[in-house]
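Enquirer: Here it is, the structure, as structure tokens.
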Amino acid sequence: METLFGNTLKKARGERGMRQRELAEILEIDIPMFSKIEKGERRAKREQVVTMAETLGQDRIEWLAIWLADKVLDAVENEYALQLAALNIAREKIRNDW
């Protein structure tokens with residue numbers, strides 16, 4: 001299952017010419033675990049997202065937003081009739097809290 005974050009990670013890693021092995025080592029995880037993160041089979045931890053963004057010279061806020069968007073998409077998956085309504089309610093709540 002592809003994810004926004006996994007695709008972003010794979011693209012940035014490729015552009016920097018880094019191997020999965022190198023980033024896995026920096027994150028102190030094994031290569032299969034890193035591969036699962038990149039394929040969207042496993043979620044990265046927040047701290048890992050920050051480390052990857054910084055290592056790859058990317059904006060950490062943007063990467064955290066993409067990572068969080070995947071979590072939101074997971075939450076509304078298969079709720080076809082309710083997805084937009086739920087997101088609009090959440091958006092209003094966020095706006096009102098700011």
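Letters A, B, ... mark the chains of the structure tokens in the order given; residue numbers begin at 1 per chain; ligand numbers begin at 1, in order shown.
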Can you tell me, as a list in words, what residues are no more than 7 Å from Asp70 of chain A when counting only C-alpha atoms, ignoring any on the same chain fewer than 2 positions away?

Expert: Thr3, Leu4, Phe5, Ile66, Trp67, Leu68, Val72, Leu73 and Asp74 of chain A

Enquirer: Output the selection as a PDB file, in the first residue's frame - N, CA, C and O atoms for each residue.

Expert:
```pdb
ATOM      1  N   THR A   3       1.955   5.079   0.286  1.00  0.00           N
ATOM      2  CA  THR A   3       1.530   6.191   1.136  1.00  0.00           C
ATOM      3  C   THR A   3       2.176   7.475   0.634  1.00  0.00           C
ATOM      4  O   THR A   3       3.181   7.434  -0.082  1.00  0.00           O
ATOM      5  N   LEU A   4       1.591   8.585   1.006  1.00  0.00           N
ATOM      6  CA  LEU A   4       2.169   9.880   0.643  1.00  0.00           C
ATOM      7  C   LEU A   4       3.583   9.995   1.198  1.00  0.00           C
ATOM      8  O   LEU A   4       4.503  10.404   0.499  1.00  0.00           O
ATOM      9  N   PHE A   5       3.745   9.607   2.478  1.00  0.00           N
ATOM     10  CA  PHE A   5       5.054   9.723   3.095  1.00  0.00           C
ATOM     11  C   PHE A   5       6.063   8.772   2.453  1.00  0.00           C
ATOM     12  O   PHE A   5       7.196   9.170   2.171  1.00  0.00           O
ATOM     13  N   ILE A  66       2.981  15.688   5.813  1.00  0.00           N
ATOM     14  CA  ILE A  66       2.712  14.558   4.915  1.00  0.00           C
ATOM     15  C   ILE A  66       2.506  13.280   5.731  1.00  0.00           C
ATOM     16  O   ILE A  66       1.576  12.506   5.475  1.00  0.00           O
ATOM     17  N   TRP A  67       3.358  13.080   6.724  1.00  0.00           N
ATOM     18  CA  TRP A  67       3.254  11.916   7.617  1.00  0.00           C
ATOM     19  C   TRP A  67       1.902  11.903   8.331  1.00  0.00           C
ATOM     20  O   TRP A  67       1.226  10.871   8.407  1.00  0.00           O
ATOM     21  N   LEU A  68       1.494  13.067   8.837  1.00  0.00           N
ATOM     22  CA  LEU A  68       0.218  13.180   9.533  1.00  0.00           C
ATOM     23  C   LEU A  68      -0.960  12.995   8.566  1.00  0.00           C
ATOM     24  O   LEU A  68      -1.971  12.383   8.924  1.00  0.00           O
ATOM     25  N   VAL A  72      -4.351  10.588   8.805  1.00  0.00           N
ATOM     26  CA  VAL A  72      -5.732  11.038   8.590  1.00  0.00           C
ATOM     27  C   VAL A  72      -6.398  10.176   7.521  1.00  0.00           C
ATOM     28  O   VAL A  72      -7.532   9.716   7.689  1.00  0.00           O
ATOM     29  N   LEU A  73      -5.683   9.944   6.432  1.00  0.00           N
ATOM     30  CA  LEU A  73      -6.243   9.121   5.355  1.00  0.00           C
ATOM     31  C   LEU A  73      -6.543   7.705   5.839  1.00  0.00           C
ATOM     32  O   LEU A  73      -7.558   7.119   5.448  1.00  0.00           O
ATOM     33  N   ASP A  74      -5.701   7.167   6.695  1.00  0.00           N
ATOM     34  CA  ASP A  74      -5.971   5.853   7.278  1.00  0.00           C
ATOM     35  C   ASP A  74      -7.264   5.867   8.086  1.00  0.00           C
ATOM     36  O   ASP A  74      -8.054   4.930   8.039  1.00  0.00           O
TER      37      ASP A  74
END
```

Enquirer: Counting only C-alpha atoms, which residue out of A:Ile26, A:Leu87, A:Glu2, A:Thr8 sits closest to Trp63 of chain A?

Expert: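 Counting only C-alpha atoms, the residue closest to Trp63 of chain A is A:Thr8.
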
Enquirer: With only C-alpha atoms as the counted atoms, please give the residues lying no more than 7 Å from segment 19-25 of chain A, apart from itself and same-chain residues fewer than 5 positions off, as a count of residues only.

Expert: 3

Enquirer: So which residues of chain A fall under helix (DSSP H, G or I) by DSSP, listed as a PyMOL selection string?

Expert: chain A and resi 4-16+20-27+31-39+46-55+60-76+83-97

Enquirer: Can I get the selection written as a short mmCIF file (atom, residue, chain, number, x, y, z; two decimals), in the first residue's frame, with C-alpha atoms?

Expert:
```
data_model
loop_
_atom_site.label_atom_id
_atom_site.label_comp_id
_atom_site.auth_asym_id
_atom_site.auth_seq_id
_atom_site.Cartn_x
_atom_site.Cartn_y
_atom_site.Cartn_z
CA LEU A 4 2.17 9.88 0.64
CA PHE A 5 5.05 9.72 3.09
CA GLY A 6 6.57 6.58 1.63
CA ASN A 7 6.52 8.05 -1.87
CA THR A 8 8.01 11.33 -0.63
CA LEU A 9 10.75 9.45 1.21
CA LYS A 10 11.61 7.24 -1.75
CA LYS A 11 11.79 10.19 -4.13
CA ALA A 12 13.98 12.31 -1.82
CA ARG A 13 16.25 9.38 -1.05
CA GLY A 14 16.68 8.71 -4.77
CA GLU A 15 17.41 12.35 -5.52
CA ARG A 16 20.16 12.34 -2.86
CA GLN A 20 18.05 2.33 2.11
CA ARG A 21 20.89 0.82 4.10
CA GLU A 22 22.39 4.25 4.81
CA LEU A 23 19.17 5.76 6.13
CA ALA A 24 18.33 2.62 8.09
CA GLU A 25 21.69 2.88 9.80
CA ILE A 26 21.12 6.55 10.69
CA LEU A 27 17.69 5.65 12.09
CA ILE A 31 16.86 -2.51 6.30
CA PRO A 32 13.63 -4.57 6.12
CA MET A 33 11.99 -2.18 8.60
CA PHE A 34 13.10 0.83 6.55
CA SER A 35 11.82 -0.84 3.39
CA LYS A 36 8.42 -1.33 5.02
CA ILE A 37 8.29 2.36 5.94
CA GLU A 38 9.11 3.35 2.37
CA LYS A 39 6.50 0.93 0.96
CA ARG A 46 7.59 11.16 14.45
CA GLU A 47 11.25 11.43 15.49
CA GLN A 48 12.26 9.26 12.55
CA VAL A 49 10.40 11.57 10.17
CA VAL A 50 12.33 14.56 11.51
CA THR A 51 15.65 12.71 11.26
CA MET A 52 14.94 11.59 7.69
CA ALA A 53 13.90 15.09 6.61
CA GLU A 54 17.02 16.64 8.12
CA THR A 55 19.31 13.93 6.69
CA ARG A 60 10.77 18.87 8.46
CA ILE A 61 7.42 20.67 8.88
CA GLU A 62 6.35 19.65 5.38
CA TRP A 63 7.43 16.06 6.02
CA LEU A 64 5.58 15.93 9.33
CA ALA A 65 2.46 17.26 7.60
CA ILE A 66 2.71 14.56 4.91
CA TRP A 67 3.25 11.92 7.62
CA LEU A 68 0.22 13.18 9.53
CA ALA A 69 -1.88 13.30 6.34
CA ASP A 70 -1.27 9.57 5.93
CA LYS A 71 -2.63 9.01 9.43
CA VAL A 72 -5.73 11.04 8.59
CA LEU A 73 -6.24 9.12 5.36
CA ASP A 74 -5.97 5.85 7.28
CA ALA A 75 -8.63 7.03 9.71
CA VAL A 76 -11.18 7.83 6.99
CA GLN A 83 -14.91 11.16 4.47
CA LEU A 84 -15.45 14.74 3.35
CA ALA A 85 -18.02 15.48 6.03
CA ALA A 86 -15.66 14.24 8.75
CA LEU A 87 -12.72 16.19 7.33
CA ASN A 88 -14.81 19.37 7.11
CA ILE A 89 -15.92 19.01 10.73
CA ALA A 90 -12.30 18.46 11.80
CA ARG A 91 -11.20 21.50 9.76
CA GLU A 92 -13.78 23.71 11.45
CA LYS A 93 -12.73 22.45 14.88
CA ILE A 94 -9.09 23.22 14.08
CA ARG A 95 -9.99 26.70 12.81
CA ASN A 96 -12.06 27.46 15.90
CA ASP A 97 -9.30 26.30 18.24
#
```
